[in-house]
Structure formats: C-alpha cells, structure tokens
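Report on the structure given below.
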Amino acid sequence: MSLTIASTLAVIGLTAGMFVSTKPALADDQLTITAGGGSFQRVLRKVIFDPFSKVSGIKINEAEYDYGNAKIRAMVETKTVSWDVVYASESQIQQLCAEGLIETIDWKELSLDRTKFEGNYTACGVPVIDSATVVVYDEDKLPNGPKTIADFFDLKKFPGKRGLYKSAPLEWALIADGVPIKDVYKLLNTPEGIDRAFKKLDTIKKDIIWWTAGAQPMQLLADGQVVMTDAWHGRIYDAVKNSGKHFGIMWDAALLNGNAWVIPKGTPRLDNAYKFIAFASSPQAQAEVANDTAYGPTNKDAMALVNLAVLPHLPNNHMENALRIDSIFWSEKSDEVRQRFTAWLAK
C-alpha cells in the first residue's frame, strides 16, 4: 500500500497550499526533531520527515539521543531549547510532564481527536507507536520453541544461555513465578513483590548474557550464543523481513511500551512543531510506519490502512496475554530498582 501525501494532508485538515514556500528556508522554517537513531529513525525520515518537508517547506534537522531526560531538562532550565520535537517513551513522558519540562498538548491546535489515540500520557504527548518486548528464538535451531514466559525461566526444558536487556525484567519474573498478569504491578508496589521477582531471577542468573544495544539480541541468536532472548519486536521483524532470518516470536507476556511526540517547553518554533505532529500522527502516516516496521499504530483509524501481510506482526493483534508497562510505576521506582539490580548483579 502506498499512501499519498495529499491524502494525509486531507485527513489532518491541511492543504499543500498552506505549506508551500517560495523562499529559501529561514531559521523559523526549520525544526529539529530528536529520536533514538538506527533503523527506526531511517523509517521516520523516509515516510514522515522527508514528505513533511516537501509539502511544508519546513526543513527537518535531525538529532539523536539515548532516551535520557537530562539534556531536555538542561535545555529547558537554561532557556536554550534547540530540540523542537522529541520522540520519547511513556516513562520519560510521565516524568517530563510532572516536572513541567514539556508542553501540555493542545489537541484543538492539532485538529486531531484525542479519543482516537491509545495511551495514558496524552496530556503531554501525542502517541506514535506501541512497541513490544518479546521472547525470540531461532526456529532452525529450536523448532519446538517456548510457548510461555515460564519457558524462558525453565533451564531443564530449554537448556542454554538466555539473552536479556541489562535491566531488571521484574514483570516477567513474577509472571513466570505464577502471578496473574493483572496483579503484577500491585505486587511490585510491595517490598515482598520486588524480593520475589529477584528470587525468580536468581534461578537463571548464571545463564544470562546481558545486552545493551538493540541489534545485539539478533546477533546473539545468529551466533548461537543464546537459545532465546528478549528483544524489541520491530528488530525481529526487520531481521526476518530484510535479512532472511528464521526467528520466531513468543508473544506470551509481551511487554507493551508506548512512545509519543513531545515538545520541550520553550521551543521558539511551537507552531511548526504542531504542524509536524499533526502530519506525523495522521492515520496514513502511522500506517506507513507500521508497514515498514510492524510497530503498532496508536491512532485507531490507522489499523484499517495497514497492509494485510503486516497485520499479524503488530502487537495490536497479540493483546490476549500482553502487559502494558506501567510507566507511572517505573517513573517512581526506577532509581530504587536500578540500585537493587546493580547490587544484585555484583553478588
């Protein structure tokens, strides 16, 4: 499916005539948009950044960051904001919003229906995609792969090393230990719940290979260093689609994480920031991103526009046993859990 810029503009109530510029781009005809780089930012450039620039006359300057809040905080506090729009995670947004570092979104200015967007962070962000952290394995080496998150912790049934992102997967530990998904965060909000999660992690600690960059789990699998690993589902889709890998996804207890466009408070290009977000958040634009990445659209109207071949790979279609990450829990408890995790690793 190829979606036209004209149709995108029609949906968001804009016309090409509103955007066409007959003069060279001035400072006010620019935007700096910051995201995490890599293959996803290349997709954003192809299906959103470049098309937006063509119809608006607004030049997009790109920046990359590590999804930390420190630089945004420093820019706002020193009134030197040079990032106009930032792609941020749920937990980031909760913290940035609470600290007053990002704009409260004026949905009327966007001409978008807020009720069409999923996520509990729409006061200060416009949801972009849902990503999922899932378990992945090589189907050639493990034809009868894991079926539940408990299998990830079962070294007898599936002997071998596991890959894990270098943080504390407390949710998976509790689910594997028999806690119903609906009760996970209720338990994690108690000292007993944290203790129980780390006790379960103890059972596989010696068999974990930790990773820190999104491409690593695919390489660990390809090299046979692990029998299974957690990974971001979009990376798996890319490896299967573009590199011919026979990687299988185990969707049980998929951890869903939302991401959104936010506007650092104090940008001198607020109007242009709103124009960009309106364009990028239309059903057509979100469907284009989904078609390239298999990340789940957050605009409900986008689902009908996604290619049929891509639909089975979207987290939106694997919600039965999924768990949406509680961004409020992590914004409040991340420092405490990180200290506990660091101490646990050192034991």
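Naming scheme: A, B, ... for chains in displayed order of the structure tokens; residues 1 onward per chain; ligands 1 onward as shown.
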Just want the 12 Å neighbourhood of Leu44 of chain A, counted on only C-alpha atoms, with same-chain residues fewer than 5 positions away dropped. Output as number ranges by chain. A: 33-39, 49-52, 60, 62, 87, 128-129, 280-281, 285-293
Writing out the chosen residues with N, CA, C and O atoms as a tab-separated table (two decimals), in the first residue's frame:
```
chain	number	residue	atom	x	y	z
A	33	ILE	N	14.18	17.66	15.10
A	33	ILE	CA	13.44	16.53	15.65
A	33	ILE	C	14.44	15.50	16.14
A	33	ILE	O	15.37	15.11	15.43
A	34	THR	N	14.25	15.07	17.37
A	34	THR	CA	15.20	14.18	18.03
A	34	THR	C	14.56	12.83	18.32
A	34	THR	O	13.46	12.75	18.86
A	35	ALA	N	15.27	11.76	17.93
A	35	ALA	CA	14.80	10.40	18.20
A	35	ALA	C	16.02	9.53	18.51
A	35	ALA	O	17.13	10.04	18.71
A	36	GLY	N	15.81	8.22	18.55
A	36	GLY	CA	16.86	7.31	19.01
A	36	GLY	C	17.80	6.80	17.95
A	36	GLY	O	18.66	5.96	18.23
A	37	GLY	N	17.65	7.27	16.69
A	37	GLY	CA	18.55	6.84	15.63
A	37	GLY	C	18.21	5.44	15.12
A	37	GLY	O	17.12	4.92	15.31
A	38	GLY	N	19.17	4.83	14.43
A	38	GLY	CA	19.02	3.46	13.96
A	38	GLY	C	18.01	3.30	12.85
A	38	GLY	O	17.62	4.27	12.17
A	39	SER	N	17.57	2.06	12.65
A	39	SER	CA	16.69	1.74	11.53
A	39	SER	C	15.34	2.43	11.67
A	39	SER	O	14.73	2.81	10.66
A	49	PHE	N	9.53	12.49	7.84
A	49	PHE	CA	10.34	13.71	7.81
A	49	PHE	C	10.42	14.30	6.40
A	49	PHE	O	10.12	15.48	6.19
A	50	ASP	N	10.89	13.48	5.44
A	50	ASP	CA	11.08	14.00	4.08
A	50	ASP	C	9.76	14.43	3.42
A	50	ASP	O	9.70	15.51	2.83
A	51	PRO	N	8.70	13.61	3.51
A	51	PRO	CA	7.43	14.06	2.93
A	51	PRO	C	6.90	15.35	3.57
A	51	PRO	O	6.38	16.22	2.87
A	52	PHE	N	7.04	15.47	4.88
A	52	PHE	CA	6.59	16.69	5.55
A	52	PHE	C	7.36	17.90	5.04
A	52	PHE	O	6.78	18.96	4.77
A	60	ILE	N	13.77	19.83	8.05
A	60	ILE	CA	13.93	19.00	9.25
A	60	ILE	C	15.41	18.77	9.51
A	60	ILE	O	16.13	18.23	8.67
A	62	GLU	N	17.80	16.68	12.04
A	62	GLU	CA	17.66	15.53	12.93
A	62	GLU	C	18.74	15.53	14.00
A	62	GLU	O	19.89	15.93	13.76
A	87	TYR	N	10.99	12.36	20.25
A	87	TYR	CA	10.34	11.05	20.34
A	87	TYR	C	10.74	10.45	21.68
A	87	TYR	O	11.92	10.24	21.96
A	128	VAL	N	2.79	7.78	19.26
A	128	VAL	CA	3.32	7.46	17.93
A	128	VAL	C	3.09	5.98	17.62
A	128	VAL	O	2.40	5.63	16.66
A	129	ILE	N	3.68	5.11	18.43
A	129	ILE	CA	3.59	3.67	18.19
A	129	ILE	C	3.56	2.94	19.52
A	129	ILE	O	3.94	3.48	20.56
A	280	ALA	N	2.47	13.89	11.27
A	280	ALA	CA	3.03	12.59	11.63
A	280	ALA	C	2.05	11.68	12.34
A	280	ALA	O	2.26	10.47	12.40
A	281	SER	N	0.97	12.24	12.87
A	281	SER	CA	0.03	11.46	13.68
A	281	SER	C	-1.24	11.09	12.93
A	281	SER	O	-2.14	10.49	13.52
A	285	ALA	N	0.02	8.41	7.97
A	285	ALA	CA	1.43	8.42	8.36
A	285	ALA	C	1.74	7.27	9.31
A	285	ALA	O	2.76	6.60	9.17
A	286	GLN	N	0.86	7.03	10.28
A	286	GLN	CA	1.11	5.94	11.22
A	286	GLN	C	1.05	4.58	10.53
A	286	GLN	O	1.82	3.67	10.86
A	287	ALA	N	0.16	4.43	9.56
A	287	ALA	CA	0.09	3.18	8.81
A	287	ALA	C	1.36	2.95	8.00
A	287	ALA	O	1.85	1.82	7.90
A	288	GLU	N	1.91	4.02	7.43
A	288	GLU	CA	3.16	3.91	6.69
A	288	GLU	C	4.29	3.41	7.60
A	288	GLU	O	5.08	2.55	7.21
A	289	VAL	N	4.36	3.95	8.81
A	289	VAL	CA	5.38	3.50	9.76
A	289	VAL	C	5.17	2.02	10.09
A	289	VAL	O	6.12	1.22	10.12
A	290	ALA	N	3.93	1.63	10.34
A	290	ALA	CA	3.63	0.24	10.66
A	290	ALA	C	4.02	-0.69	9.52
A	290	ALA	O	4.57	-1.78	9.74
A	291	ASN	N	3.74	-0.29	8.29
A	291	ASN	CA	4.05	-1.14	7.14
A	291	ASN	C	5.54	-1.39	6.99
A	291	ASN	O	5.95	-2.43	6.47
A	292	ASP	N	6.35	-0.45	7.45
A	292	ASP	CA	7.80	-0.61	7.35
A	292	ASP	C	8.42	-1.30	8.55
A	292	ASP	O	9.50	-1.88	8.45
A	293	THR	N	7.76	-1.23	9.71
A	293	THR	CA	8.41	-1.65	10.95
A	293	THR	C	7.66	-2.70	11.75
A	293	THR	O	8.25	-3.35	12.61
```
Lys116 of chain A surroundings by only C-alpha atoms, 9 Å radius, close-in-sequence under 5 positions cut, as a ChimeraX atom specification: /A:298-301
Given the selection you just returned, output its residues as a file containing all heavy atoms, formatted as a PDB file, in the first residue's frame.
```
ATOM      1  N   THR A 298      -0.914   3.852  17.047  1.00  0.00           N
ATOM      2  CA  THR A 298      -1.692   4.267  18.217  1.00  0.00           C
ATOM      3  C   THR A 298      -2.929   5.057  17.829  1.00  0.00           C
ATOM      4  O   THR A 298      -3.818   5.241  18.652  1.00  0.00           O
ATOM      5  CB  THR A 298      -0.826   5.130  19.156  1.00  0.00           C
ATOM      6  OG1 THR A 298      -0.254   6.205  18.414  1.00  0.00           O
ATOM      7  CG2 THR A 298       0.281   4.300  19.784  1.00  0.00           C
ATOM      8  N   ASN A 299      -2.977   5.538  16.593  1.00  0.00           N
ATOM      9  CA  ASN A 299      -4.184   6.155  16.068  1.00  0.00           C
ATOM     10  C   ASN A 299      -5.083   5.013  15.592  1.00  0.00           C
ATOM     11  O   ASN A 299      -4.745   4.291  14.649  1.00  0.00           O
ATOM     12  CB  ASN A 299      -3.843   7.103  14.920  1.00  0.00           C
ATOM     13  CG  ASN A 299      -5.043   7.891  14.424  1.00  0.00           C
ATOM     14  OD1 ASN A 299      -6.172   7.428  14.488  1.00  0.00           O
ATOM     15  ND2 ASN A 299      -4.782   9.090  13.908  1.00  0.00           N
ATOM     16  N   LYS A 300      -6.225   4.842  16.216  1.00  0.00           N
ATOM     17  CA  LYS A 300      -7.078   3.688  15.933  1.00  0.00           C
ATOM     18  C   LYS A 300      -7.499   3.614  14.473  1.00  0.00           C
ATOM     19  O   LYS A 300      -7.715   2.528  13.933  1.00  0.00           O
ATOM     20  CB  LYS A 300      -8.314   3.721  16.843  1.00  0.00           C
ATOM     21  CG  LYS A 300      -7.989   3.560  18.315  1.00  0.00           C
ATOM     22  CD  LYS A 300      -9.228   3.736  19.188  1.00  0.00           C
ATOM     23  CE  LYS A 300      -8.862   3.674  20.670  1.00  0.00           C
ATOM     24  NZ  LYS A 300     -10.045   3.908  21.535  1.00  0.00           N
ATOM     25  N   ASP A 301      -7.597   4.762  13.818  1.00  0.00           N
ATOM     26  CA  ASP A 301      -8.017   4.776  12.417  1.00  0.00           C
ATOM     27  C   ASP A 301      -6.928   4.267  11.473  1.00  0.00           C
ATOM     28  O   ASP A 301      -7.201   4.022  10.291  1.00  0.00           O
ATOM     29  CB  ASP A 301      -8.430   6.185  12.001  1.00  0.00           C
ATOM     30  CG  ASP A 301      -9.737   6.624  12.646  1.00  0.00           C
ATOM     31  OD1 ASP A 301     -10.486   5.743  13.123  1.00  0.00           O
ATOM     32  OD2 ASP A 301      -9.996   7.844  12.688  1.00  0.00           O
TER      33      ASP A 301
END
```
Using only C-alpha atoms, determine which residues lie at most 9 Å from Thr212 of chain A, disregarding the query and same-chain residues fewer than 6 positions distant; provide the list as a ChimeraX atom specification. /A:164-167
Saved selection, atoms kept: N, CA, C and O atoms, as a PDB file, in the first residue's frame:
```pdb
ATOM      1  N   LEU A 164      19.225 -11.144  27.766  1.00  0.00           N
ATOM      2  CA  LEU A 164      18.313 -10.213  28.428  1.00  0.00           C
ATOM      3  C   LEU A 164      18.878  -8.799  28.352  1.00  0.00           C
ATOM      4  O   LEU A 164      20.086  -8.600  28.547  1.00  0.00           O
ATOM      5  N   TYR A 165      18.005  -7.853  28.092  1.00  0.00           N
ATOM      6  CA  TYR A 165      18.403  -6.455  28.167  1.00  0.00           C
ATOM      7  C   TYR A 165      18.866  -6.154  29.590  1.00  0.00           C
ATOM      8  O   TYR A 165      18.290  -6.640  30.559  1.00  0.00           O
ATOM      9  N   LYS A 166      19.930  -5.360  29.708  1.00  0.00           N
ATOM     10  CA  LYS A 166      20.572  -5.168  31.008  1.00  0.00           C
ATOM     11  C   LYS A 166      19.756  -4.229  31.894  1.00  0.00           C
ATOM     12  O   LYS A 166      20.086  -3.065  32.114  1.00  0.00           O
ATOM     13  N   SER A 167      18.665  -4.759  32.373  1.00  0.00           N
ATOM     14  CA  SER A 167      17.814  -4.106  33.363  1.00  0.00           C
ATOM     15  C   SER A 167      17.069  -5.224  34.066  1.00  0.00           C
ATOM     16  O   SER A 167      17.263  -6.398  33.743  1.00  0.00           O
TER      17      SER A 167
END
```
Test item: residues at most 8 Å from segment 259-262 of chain A, only C-alpha atoms, excluding those fewer than 2 positions along its chain, as a ChimeraX atom specification: /A:85-90,93,102-103,124-131,257,264,277
Just-selected residues, C-alpha atoms written as a short mmCIF file (atom, residue, chain, number, x, y, z; two decimals), in the first residue's frame:
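What ended up in part11.cif:
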```cif
data_model
loop_
_atom_site.label_atom_id
_atom_site.label_comp_id
_atom_site.auth_asym_id
_atom_site.auth_seq_id
_atom_site.Cartn_x
_atom_site.Cartn_y
_atom_site.Cartn_z
CA VAL A 85 10.05 17.81 18.86
CA VAL A 86 11.30 14.71 20.68
CA TYR A 87 10.34 11.05 20.34
CA ALA A 88 10.04 9.80 23.93
CA SER A 89 8.91 6.74 25.86
CA GLU A 90 5.95 6.54 28.24
CA ILE A 93 6.86 11.45 29.35
CA ILE A 102 7.33 19.62 28.07
CA GLU A 103 4.31 21.37 26.65
CA CYS A 124 1.79 15.95 27.32
CA GLY A 125 2.43 13.65 24.36
CA VAL A 126 0.87 12.50 21.10
CA PRO A 127 1.25 8.71 20.87
CA VAL A 128 3.32 7.46 17.93
CA ILE A 129 3.59 3.67 18.19
CA ASP A 130 3.32 0.75 20.56
CA SER A 131 6.39 -1.44 20.68
CA ASN A 257 5.56 0.23 25.72
CA PRO A 264 10.18 20.67 25.02
CA ILE A 277 2.99 16.36 14.89
#
```
By how many Å are atom CA of Tyr67 of chain A and atom CA of Gln92 of chain A apart? 7.7 Å
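Using only C-alpha atoms for every distance, the candidate list A:Gln225, A:Thr203, A:Gln95, A:Asn61 yields A:Gln225 as the residue closest to Lys141 of chain A.
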Need the shell around Lys200 of chain A: protein/DNA/RNA residues with any atom at most 12 Å away, counting only C-alpha atoms. Skip same-chain ones fewer than 2 positions apart. Format as a ChimeraX atom specification? /A:150,152-154,168-179,193-198,202-205
Residue selection dump (N, CA, C and O atoms) as a short mmCIF file (atom, residue, chain, number, x, y, z; two decimals), in the first residue's frame:
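The result, stored in again27.cif:
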```cif
data_model
loop_
_atom_site.label_atom_id
_atom_site.label_comp_id
_atom_site.auth_asym_id
_atom_site.auth_seq_id
_atom_site.Cartn_x
_atom_site.Cartn_y
_atom_site.Cartn_z
N ALA A 150 7.11 -18.68 31.29
CA ALA A 150 7.70 -19.63 32.23
C ALA A 150 8.78 -20.47 31.54
O ALA A 150 9.77 -20.86 32.17
N PHE A 152 10.91 -19.44 29.44
CA PHE A 152 12.15 -18.66 29.41
C PHE A 152 12.98 -18.94 30.66
O PHE A 152 14.21 -18.89 30.62
N PHE A 153 12.30 -19.24 31.75
CA PHE A 153 12.98 -19.49 33.02
C PHE A 153 13.21 -20.98 33.26
O PHE A 153 13.76 -21.35 34.31
N ASP A 154 12.81 -21.85 32.34
CA ASP A 154 12.91 -23.30 32.52
C ASP A 154 14.17 -23.83 31.86
O ASP A 154 14.20 -24.13 30.66
N ALA A 168 16.25 -4.88 35.02
CA ALA A 168 15.57 -5.91 35.81
C ALA A 168 14.19 -6.23 35.21
O ALA A 168 13.27 -5.42 35.34
N PRO A 169 14.02 -7.40 34.56
CA PRO A 169 12.72 -7.76 33.99
C PRO A 169 11.79 -8.30 35.07
O PRO A 169 11.40 -9.47 35.08
N LEU A 170 11.41 -7.43 36.01
CA LEU A 170 10.64 -7.87 37.17
C LEU A 170 9.27 -8.42 36.79
O LEU A 170 8.79 -9.38 37.42
N GLU A 171 8.66 -7.82 35.78
CA GLU A 171 7.33 -8.27 35.37
C GLU A 171 7.37 -9.73 34.91
O GLU A 171 6.53 -10.54 35.34
N TRP A 172 8.32 -10.05 34.04
CA TRP A 172 8.42 -11.42 33.55
C TRP A 172 8.74 -12.40 34.67
O TRP A 172 8.23 -13.52 34.70
N ALA A 173 9.59 -11.98 35.58
CA ALA A 173 9.95 -12.87 36.69
C ALA A 173 8.72 -13.25 37.50
O ALA A 173 8.53 -14.42 37.86
N LEU A 174 7.86 -12.29 37.79
CA LEU A 174 6.66 -12.58 38.58
C LEU A 174 5.66 -13.42 37.79
O LEU A 174 5.06 -14.36 38.34
N ILE A 175 5.48 -13.11 36.52
CA ILE A 175 4.54 -13.90 35.71
C ILE A 175 5.02 -15.34 35.61
O ILE A 175 4.23 -16.28 35.73
N ALA A 176 6.33 -15.52 35.40
CA ALA A 176 6.89 -16.87 35.34
C ALA A 176 6.75 -17.60 36.67
O ALA A 176 6.71 -18.84 36.71
N ASP A 177 6.66 -16.85 37.74
CA ASP A 177 6.52 -17.44 39.08
C ASP A 177 5.06 -17.65 39.46
O ASP A 177 4.75 -17.98 40.59
N GLY A 178 4.15 -17.43 38.51
CA GLY A 178 2.75 -17.76 38.74
C GLY A 178 1.83 -16.60 39.06
O GLY A 178 0.65 -16.81 39.35
N VAL A 179 2.34 -15.37 39.03
CA VAL A 179 1.50 -14.21 39.36
C VAL A 179 0.65 -13.86 38.13
O VAL A 179 1.18 -13.70 37.03
N GLY A 193 7.01 -8.13 46.73
CA GLY A 193 6.94 -8.38 45.29
C GLY A 193 8.30 -8.22 44.63
O GLY A 193 8.68 -9.03 43.78
N ILE A 194 9.01 -7.17 45.01
CA ILE A 194 10.36 -6.96 44.46
C ILE A 194 11.27 -8.13 44.85
O ILE A 194 12.01 -8.66 44.01
N ASP A 195 11.19 -8.54 46.10
CA ASP A 195 12.02 -9.67 46.57
C ASP A 195 11.71 -10.93 45.79
O ASP A 195 12.61 -11.69 45.40
N ARG A 196 10.42 -11.17 45.58
CA ARG A 196 10.01 -12.39 44.87
C ARG A 196 10.51 -12.38 43.43
O ARG A 196 10.96 -13.42 42.91
N ALA A 197 10.47 -11.23 42.78
CA ALA A 197 10.95 -11.13 41.40
C ALA A 197 12.45 -11.41 41.31
O ALA A 197 12.90 -12.17 40.44
N PHE A 198 13.23 -10.84 42.22
CA PHE A 198 14.67 -11.08 42.18
C PHE A 198 15.00 -12.53 42.54
O PHE A 198 15.97 -13.10 42.02
N ASP A 202 17.12 -15.11 40.22
CA ASP A 202 18.25 -15.90 40.71
C ASP A 202 18.36 -17.24 40.00
O ASP A 202 19.45 -17.77 39.80
N THR A 203 17.21 -17.80 39.61
CA THR A 203 17.19 -19.16 39.05
C THR A 203 17.84 -19.24 37.67
O THR A 203 18.21 -20.34 37.23
N ILE A 204 17.96 -18.11 36.96
CA ILE A 204 18.60 -18.15 35.64
C ILE A 204 19.81 -17.21 35.56
O ILE A 204 20.41 -17.06 34.49
N LYS A 205 20.18 -16.61 36.67
CA LYS A 205 21.21 -15.58 36.65
C LYS A 205 22.50 -16.04 35.98
O LYS A 205 23.07 -15.32 35.15
#
```
